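A short worksheet on the structure shown next.
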Amino acid sequence: MGLTIGVDIGGTKIAAGVVDEEGNILSTHKVPTPTTPQAIVDAIAAAVEGARAGHDIVGVGIGAAGYVNRQRSTVYFAPNIDWRQEPLKAEVEARVGLPVVVENDANAAAWGEYKFGAGKGHRNVICITLGTGLGGGIIIGNKLRRGHFGVAAEFGHIRMVPDGLLCGCGSQGCWEQYASGRALVRYAKQRANATPENAEILLALGNGTPDGIEGKHISVAARQGDPVAVDSYRELARWAGAGLADLASLFDPSAFIVGGGLSDEGELVLDPIRKSYKRWLVGGNWRPVAEVIAAQLGNEAGLVGAADLAREPDPIM
């Protein structure tokens with residue numbers, strides 16, 4: 001179908017990229033992310049116009065962090081942008097004069113990994129993104145499964161702990177409160193405060209106090225053998241693997257693809273996640289066990305996936 005543009009809406013920048021049918025990014029254009037909802041729509045259009053220069057473009061796919069309707073046109077709700085029933089497809093189409101589809105950003109990243117990254121060769125994969133929060137996507141039978149209303153795969157808000165920690169969504173005990181970048185930092189701060197003698201490397205990186213600990217410090221300290229940093233990763237992995245075991249009972253995929261910023265740590269994260277997954281998988285000693293593999297496309301997954309989904313037929317048809 002030709003070249004399409006994928007758009008990734010980040011907290012500080014909006015990136016648009018021209019992507020071919022093999023998943024290659026041919027050109028990109030980035031603009032700062034504004035602070036108001038309407039200005040963000042204008043910035044998306046500006047990024048698209050900047051990227052399309054010199055290319056014959058047939059469509060645009062936008063990855064938006066939020067609940068997107070099944071028709072791929074309206075953002076029901078976005079947690080970090082004041083979008084409520086936002087007709088994003090119509091607004092951007094009016095500005096750029098191209099067909100536009102809107103996708104949930106985690107769905108777009110999952111599709112990018114399935115089509116061009118770690119999921120190549122698989123028909124049934126579940127993707128999770130371990131970043132600041134926890135997201136994901138479902139590909140079953142080579143199709144992205146959005147659900148009847150379009151808001152499936154909000155894995156981060158599965159309630160893992162009844163009456164557990166308060167989540168930003170307003171519920172309690174959500175999975176992302178126990179398996180995410182925020183959770184990792186919380187674990188490290190709590191443990192460093194309780195046993196500072198086991199967190200010497202970590203505390204030194206964090207200016208000597210638990211409150212100074214950041215995610216990047218935990219990674220460096222864990223690789224140097226800091227006991228609290230290593231244990232914090234193990235705690236995160238325990239919750240991540242237990243959640244994958246539950247998802248295996250629901251979807252029975254051939255592979256779980258783990259993306260997001262935490263996946264950049266490689267086996268430091270993946271090995272304990274695999275062990276926890278096998279520990280909690282029902283019948284795990286007697287049944288086939290899905291692979292747990294790292295995502296390959298990094299920060300480009302969402303942009304590439306959104307661009308490719310712009311070529312996909314309307315899922316309502």
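Labels for the structure tokens follow display order: chains A, B, ..., residues from 1 in each chain, ligands from 1.
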- request: Fewer than 3 positions away in the same chain doesn't count, so skip those; otherwise give me all residues within 9 Å of Asn193 in chain A, counting only C-alpha atoms, as number ranges by chain.
  value: A: 188-190, 196, 199, 209-211
Counting only C-alpha atoms, which residues of range 247-311 of chain A fall within 7 Å of range 49-66 of chain A, and what is the closest atom pair for each with its distance in Å at one decimal, ordered by chain and rising number, as a Markdown table?
```
| residue | atom | partner | partner_atom | distance |
| --- | --- | --- | --- | --- |
| A:Gly302 | CA | A:Gly63 | CA | 6.6 |
| A:Ala306 | CA | A:Gly61 | CA | 4.6 |
| A:Ala307 | CA | A:Gly61 | CA | 4.8 |
| A:Leu309 | CA | A:Gly61 | CA | 6.5 |
| A:Ala310 | CA | A:Gly61 | CA | 4.9 |
```
Quick one: write out the picked residues with C-alpha atoms as a compact mmCIF listing (two decimals), in the first residue's frame?
```txt
# COMPACT_ATOMS: atom_id res chain seq x y z
CA GLY A 302 5.21 2.35 18.73
CA ALA A 306 1.25 2.74 14.33
CA ALA A 307 2.46 3.34 10.78
CA LEU A 309 -1.55 -0.39 11.42
CA ALA A 310 -2.54 2.51 9.16
```
Which residue of A:Thr129, A:Thr74, A:Pro227, A:Val185 approaches Gly212 in chain A most closely, using only C-alpha atoms:
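Distance minimum relative to Gly212 in chain A lands on A:Val185.
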At a cut-off of 9 Å, using only C-alpha atoms, what residues contact Ala294 in chain A? Leave out same-chain residues fewer than 2 positions from it and give the result as a ChimeraX atom specification.
/A:118,256-259,263-264,266-267,270,292,296
Output for the residues just chosen: C-alpha atoms as a PDB file, in the first residue's frame:
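Below is the file again-v5.pdb, written as the result:
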```pdb
ATOM      1  CA  ALA A 118      10.835 -10.128  18.462  1.00  0.00           C
ATOM      2  CA  PHE A 256       5.541 -13.162  25.784  1.00  0.00           C
ATOM      3  CA  ILE A 257       7.439 -10.152  24.488  1.00  0.00           C
ATOM      4  CA  VAL A 258       8.685  -7.842  27.225  1.00  0.00           C
ATOM      5  CA  GLY A 259       9.277  -4.255  26.121  1.00  0.00           C
ATOM      6  CA  SER A 263      13.472  -4.475  29.155  1.00  0.00           C
ATOM      7  CA  ASP A 264      16.658  -2.597  28.227  1.00  0.00           C
ATOM      8  CA  GLY A 266      18.152  -7.578  29.449  1.00  0.00           C
ATOM      9  CA  GLU A 267      18.692 -10.713  31.495  1.00  0.00           C
ATOM     10  CA  LEU A 270      14.183 -11.271  32.030  1.00  0.00           C
ATOM     11  CA  VAL A 292       9.640 -14.898  27.518  1.00  0.00           C
ATOM     12  CA  GLN A 296      13.832  -5.683  19.785  1.00  0.00           C
TER      13      GLN A 296
END
```
Polymer residues at most 12 Å from Val92 in chain A, only C-alpha atoms, same-chain spacing of 2 or more positions, as number ranges by chain = A: 7, 38-49, 59-62, 73-74, 86-90, 94-102
Please, could you write that set of residues out with N, CA, C and O atoms as a CSV table (one decimal), in the first residue's frame?
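File produced: out.csv:
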```
chain,number,residue,atom,x,y,z
A,7,VAL,N,3.0,8.1,14.3
A,7,VAL,CA,3.2,9.2,15.2
A,7,VAL,C,3.2,8.6,16.6
A,7,VAL,O,2.3,7.9,17.0
A,38,GLN,N,-5.6,21.0,22.6
A,38,GLN,CA,-5.7,21.4,21.3
A,38,GLN,C,-4.4,21.7,20.6
A,38,GLN,O,-4.2,21.4,19.4
A,39,ALA,N,-3.5,22.2,21.4
A,39,ALA,CA,-2.1,22.5,20.9
A,39,ALA,C,-1.4,21.2,20.5
A,39,ALA,O,-0.6,21.1,19.6
A,40,ILE,N,-1.7,20.1,21.2
A,40,ILE,CA,-1.1,18.8,20.9
A,40,ILE,C,-1.6,18.3,19.5
A,40,ILE,O,-0.9,17.8,18.7
A,41,VAL,N,-2.9,18.5,19.2
A,41,VAL,CA,-3.4,18.2,17.9
A,41,VAL,C,-2.7,18.9,16.8
A,41,VAL,O,-2.3,18.4,15.8
A,42,ASP,N,-2.5,20.2,17.0
A,42,ASP,CA,-1.8,21.0,16.1
A,42,ASP,C,-0.3,20.5,15.9
A,42,ASP,O,0.2,20.5,14.8
A,43,ALA,N,0.3,20.1,17.0
A,43,ALA,CA,1.7,19.7,17.0
A,43,ALA,C,1.8,18.3,16.2
A,43,ALA,O,2.7,18.1,15.5
A,44,ILE,N,0.8,17.5,16.4
A,44,ILE,CA,0.8,16.2,15.7
A,44,ILE,C,0.7,16.5,14.2
A,44,ILE,O,1.5,15.9,13.4
A,45,ALA,N,-0.1,17.4,13.8
A,45,ALA,CA,-0.2,17.8,12.3
A,45,ALA,C,1.1,18.4,11.8
A,45,ALA,O,1.6,18.0,10.7
A,46,ALA,N,1.8,19.2,12.7
A,46,ALA,CA,3.1,19.8,12.3
A,46,ALA,C,4.1,18.7,12.1
A,46,ALA,O,4.9,18.7,11.2
A,47,ALA,N,4.1,17.7,13.0
A,47,ALA,CA,5.1,16.6,12.9
A,47,ALA,C,4.9,15.8,11.7
A,47,ALA,O,5.8,15.4,11.0
A,48,VAL,N,3.6,15.5,11.4
A,48,VAL,CA,3.3,14.8,10.1
A,48,VAL,C,3.7,15.5,8.9
A,48,VAL,O,4.4,15.0,8.0
A,49,GLU,N,3.4,16.8,8.8
A,49,GLU,CA,3.8,17.6,7.7
A,49,GLU,C,5.4,17.7,7.5
A,49,GLU,O,5.9,17.6,6.4
A,59,GLY,N,-1.2,7.2,4.3
A,59,GLY,CA,-2.0,7.2,5.5
A,59,GLY,C,-1.2,7.5,6.7
A,59,GLY,O,0.1,7.5,6.7
A,60,VAL,N,-1.8,7.8,7.8
A,60,VAL,CA,-1.1,8.1,9.1
A,60,VAL,C,-1.7,7.3,10.2
A,60,VAL,O,-3.0,7.1,10.3
A,61,GLY,N,-0.8,6.7,11.1
A,61,GLY,CA,-1.3,6.0,12.3
A,61,GLY,C,-0.7,6.7,13.5
A,61,GLY,O,0.4,7.1,13.5
A,62,ILE,N,-1.6,7.0,14.4
A,62,ILE,CA,-1.2,7.7,15.7
A,62,ILE,C,-1.3,6.8,16.9
A,62,ILE,O,-2.4,6.2,17.1
A,73,SER,N,-10.9,6.0,16.0
A,73,SER,CA,-11.1,7.4,15.6
A,73,SER,C,-11.1,8.3,16.8
A,73,SER,O,-10.7,9.4,16.7
A,74,THR,N,-11.6,7.8,18.0
A,74,THR,CA,-11.9,8.7,19.1
A,74,THR,C,-11.1,8.2,20.3
A,74,THR,O,-11.1,7.0,20.6
A,86,GLU,N,-12.3,12.6,22.6
A,86,GLU,CA,-11.6,13.5,21.6
A,86,GLU,C,-11.7,12.8,20.2
A,86,GLU,O,-11.2,11.7,20.0
A,87,PRO,N,-12.2,13.5,19.2
A,87,PRO,CA,-12.3,13.0,17.9
A,87,PRO,C,-11.0,13.2,17.1
A,87,PRO,O,-10.9,13.9,16.1
A,88,LEU,N,-10.0,12.5,17.6
A,88,LEU,CA,-8.6,12.8,17.1
A,88,LEU,C,-8.4,12.5,15.6
A,88,LEU,O,-7.8,13.3,14.9
A,89,LYS,N,-9.1,11.4,15.1
A,89,LYS,CA,-8.9,11.1,13.7
A,89,LYS,C,-9.5,12.3,12.8
A,89,LYS,O,-8.7,12.7,11.9
A,90,ALA,N,-10.6,12.7,13.1
A,90,ALA,CA,-11.2,13.8,12.3
A,90,ALA,C,-10.4,15.1,12.4
A,90,ALA,O,-10.2,15.8,11.4
A,94,ALA,N,-8.4,16.7,9.1
A,94,ALA,CA,-8.7,18.0,8.6
A,94,ALA,C,-7.5,18.9,8.4
A,94,ALA,O,-7.5,19.8,7.5
A,95,ARG,N,-6.5,18.6,9.2
A,95,ARG,CA,-5.3,19.4,9.1
A,95,ARG,C,-4.3,18.9,8.1
A,95,ARG,O,-3.5,19.7,7.5
A,96,VAL,N,-4.2,17.6,7.9
A,96,VAL,CA,-3.1,17.0,7.0
A,96,VAL,C,-3.7,16.5,5.7
A,96,VAL,O,-2.9,16.2,4.8
A,97,GLY,N,-5.0,16.3,5.5
A,97,GLY,CA,-5.5,15.8,4.3
A,97,GLY,C,-5.2,14.4,3.9
A,97,GLY,O,-5.1,14.1,2.7
A,98,LEU,N,-4.9,13.6,4.9
A,98,LEU,CA,-4.6,12.2,4.7
A,98,LEU,C,-5.5,11.3,5.6
A,98,LEU,O,-6.0,11.8,6.6
A,99,PRO,N,-5.7,10.0,5.2
A,99,PRO,CA,-6.5,9.1,6.0
A,99,PRO,C,-5.7,8.9,7.3
A,99,PRO,O,-4.5,8.7,7.3
A,100,VAL,N,-6.4,8.9,8.5
A,100,VAL,CA,-5.8,8.8,9.8
A,100,VAL,C,-6.4,7.7,10.5
A,100,VAL,O,-7.7,7.5,10.5
A,101,VAL,N,-5.7,6.8,11.2
A,101,VAL,CA,-6.2,5.9,12.2
A,101,VAL,C,-5.5,6.2,13.6
A,101,VAL,O,-4.4,6.6,13.6
A,102,VAL,N,-6.3,6.0,14.6
A,102,VAL,CA,-5.8,6.2,16.0
A,102,VAL,C,-5.7,4.9,16.7
A,102,VAL,O,-6.7,4.1,16.7
```
Using backbone DSSP assignments, extract all alpha helix (DSSP H) residues from range 70-179 of chain A; output them as an NGL selection string.
-> :A and (88-96 or 105-116)
Residues from last step as file, N, CA, C and O atoms, as a compact mmCIF listing (two decimals), in the first residue's frame:
```txt
# COMPACT_ATOMS: atom_id res chain seq x y z
N LEU A 88 -9.96 12.53 17.57
CA LEU A 88 -8.61 12.80 17.10
C LEU A 88 -8.44 12.51 15.61
O LEU A 88 -7.77 13.26 14.89
N LYS A 89 -9.05 11.44 15.14
CA LYS A 89 -8.95 11.10 13.71
C LYS A 89 -9.45 12.26 12.84
O LYS A 89 -8.74 12.72 11.93
N ALA A 90 -10.64 12.74 13.13
CA ALA A 90 -11.23 13.80 12.31
C ALA A 90 -10.42 15.08 12.41
O ALA A 90 -10.23 15.79 11.40
N GLU A 91 -9.92 15.40 13.59
CA GLU A 91 -9.18 16.64 13.77
C GLU A 91 -7.86 16.63 12.99
O GLU A 91 -7.51 17.63 12.35
N VAL A 92 -7.14 15.51 13.05
CA VAL A 92 -5.86 15.46 12.34
C VAL A 92 -6.08 15.36 10.83
O VAL A 92 -5.37 15.98 10.04
N GLU A 93 -7.08 14.57 10.40
CA GLU A 93 -7.38 14.47 8.97
C GLU A 93 -7.68 15.84 8.38
O GLU A 93 -7.26 16.15 7.24
N ALA A 94 -8.40 16.67 9.11
CA ALA A 94 -8.75 18.00 8.61
C ALA A 94 -7.51 18.86 8.41
O ALA A 94 -7.50 19.75 7.55
N ARG A 95 -6.47 18.59 9.17
CA ARG A 95 -5.26 19.42 9.09
C ARG A 95 -4.26 18.90 8.05
O ARG A 95 -3.54 19.69 7.45
N VAL A 96 -4.19 17.58 7.87
CA VAL A 96 -3.13 17.03 7.00
C VAL A 96 -3.66 16.50 5.67
O VAL A 96 -2.87 16.20 4.76
N ASP A 105 -1.30 3.36 22.20
CA ASP A 105 0.15 3.31 21.96
C ASP A 105 0.77 1.97 22.30
O ASP A 105 1.70 1.51 21.61
N ALA A 106 0.27 1.30 23.35
CA ALA A 106 0.81 -0.02 23.68
C ALA A 106 0.41 -1.05 22.63
O ALA A 106 1.21 -1.95 22.30
N ASN A 107 -0.80 -0.94 22.09
CA ASN A 107 -1.20 -1.82 20.98
C ASN A 107 -0.29 -1.61 19.78
O ASN A 107 0.11 -2.56 19.11
N ALA A 108 0.01 -0.34 19.49
CA ALA A 108 0.88 -0.03 18.35
C ALA A 108 2.27 -0.63 18.55
O ALA A 108 2.85 -1.21 17.62
N ALA A 109 2.81 -0.49 19.76
CA ALA A 109 4.14 -1.05 20.04
C ALA A 109 4.12 -2.58 19.94
O ALA A 109 5.05 -3.20 19.41
N ALA A 110 3.04 -3.18 20.44
CA ALA A 110 2.92 -4.64 20.35
C ALA A 110 2.89 -5.10 18.91
O ALA A 110 3.54 -6.08 18.53
N TRP A 111 2.14 -4.39 18.08
CA TRP A 111 2.05 -4.75 16.66
C TRP A 111 3.41 -4.58 15.97
O TRP A 111 3.80 -5.42 15.15
N GLY A 112 4.11 -3.52 16.31
CA GLY A 112 5.43 -3.32 15.72
C GLY A 112 6.38 -4.47 16.05
O GLY A 112 7.10 -4.97 15.18
N GLU A 113 6.37 -4.91 17.31
CA GLU A 113 7.24 -6.02 17.71
C GLU A 113 6.80 -7.33 17.06
O GLU A 113 7.64 -8.13 16.63
N TYR A 114 5.50 -7.56 17.00
CA TYR A 114 4.99 -8.78 16.37
C TYR A 114 5.37 -8.83 14.89
O TYR A 114 5.82 -9.86 14.38
N LYS A 115 5.20 -7.72 14.20
CA LYS A 115 5.37 -7.73 12.75
C LYS A 115 6.85 -7.65 12.33
O LYS A 115 7.26 -8.31 11.38
N PHE A 116 7.62 -6.83 13.05
CA PHE A 116 8.98 -6.54 12.58
C PHE A 116 10.08 -6.83 13.61
O PHE A 116 11.25 -6.70 13.29
```
Review point. Excluding same-chain residues fewer than 2 positions from range 215-217 of chain A, what lies within 10 Å of it counting only C-alpha atoms, as a ChimeraX atom specification?
Key: /A:132,181-186,188,201-206,212-213,219-222,229,262
Please, could you write that set of residues out with C-alpha atoms as a short mmCIF file (atom, residue, chain, number, x, y, z; two decimals), in the first residue's frame?
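Dumped everything to again_13.cif:
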```cif
data_model
loop_
_atom_site.label_atom_id
_atom_site.label_comp_id
_atom_site.auth_asym_id
_atom_site.auth_seq_id
_atom_site.Cartn_x
_atom_site.Cartn_y
_atom_site.Cartn_z
CA THR A 132 6.88 3.98 34.15
CA GLY A 181 9.47 1.43 36.87
CA ARG A 182 7.64 3.27 39.64
CA ALA A 183 7.32 0.05 41.62
CA LEU A 184 11.04 -0.71 41.21
CA VAL A 185 12.03 2.68 42.63
CA ARG A 186 9.61 2.23 45.52
CA ALA A 188 14.60 0.17 46.30
CA ILE A 201 26.46 1.32 46.28
CA LEU A 202 22.86 2.34 45.66
CA LEU A 203 22.85 5.03 48.33
CA ALA A 204 26.13 6.46 47.07
CA LEU A 205 24.58 6.87 43.63
CA GLY A 206 21.50 8.46 45.17
CA GLY A 212 17.69 10.37 46.08
CA ILE A 213 17.43 6.93 44.45
CA SER A 219 20.37 -0.57 37.28
CA VAL A 220 23.97 0.52 37.84
CA ALA A 221 24.00 -0.71 41.43
CA ALA A 222 22.46 -4.08 40.55
CA ALA A 229 19.25 -3.21 44.04
CA LEU A 262 12.97 -1.93 31.93
#
```
Which residues are near Asp8 in chain A? Cut-off 6 Å, only C-alpha atoms, ignore same chain within fewer than 6 positions. Put them as a VMD selection string.
chain A and resid 14 to 15 63 303
Residues from the last selection, all heavy atoms, saved as a compact mmCIF listing (two decimals), in the first residue's frame:
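Result file result.txt:
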```txt
# COMPACT_ATOMS: atom_id res chain seq x y z
N ILE A 14 6.80 14.91 20.30
CA ILE A 14 5.96 14.14 19.39
C ILE A 14 6.81 13.80 18.18
O ILE A 14 7.36 14.69 17.53
CB ILE A 14 4.71 14.94 18.98
CG1 ILE A 14 3.82 15.19 20.20
CG2 ILE A 14 3.92 14.20 17.89
CD1 ILE A 14 2.67 16.14 19.94
N ALA A 15 6.94 12.51 17.89
CA ALA A 15 7.77 12.06 16.77
C ALA A 15 6.89 11.47 15.69
O ALA A 15 6.00 10.67 15.96
CB ALA A 15 8.78 11.02 17.24
N GLY A 63 -0.25 6.71 17.62
CA GLY A 63 -0.27 5.95 18.86
C GLY A 63 -0.54 6.88 20.03
O GLY A 63 0.26 7.77 20.31
N LEU A 303 6.05 3.82 17.01
CA LEU A 303 5.98 4.57 15.76
C LEU A 303 5.83 3.63 14.57
O LEU A 303 4.97 3.81 13.70
CB LEU A 303 7.22 5.45 15.62
CG LEU A 303 7.28 6.46 14.47
CD1 LEU A 303 8.18 7.64 14.84
CD2 LEU A 303 7.80 5.83 13.18
```
Pairwise distance, CA of Val228 in chain A with CA of Ala194 in chain A, equals 9.9 Å
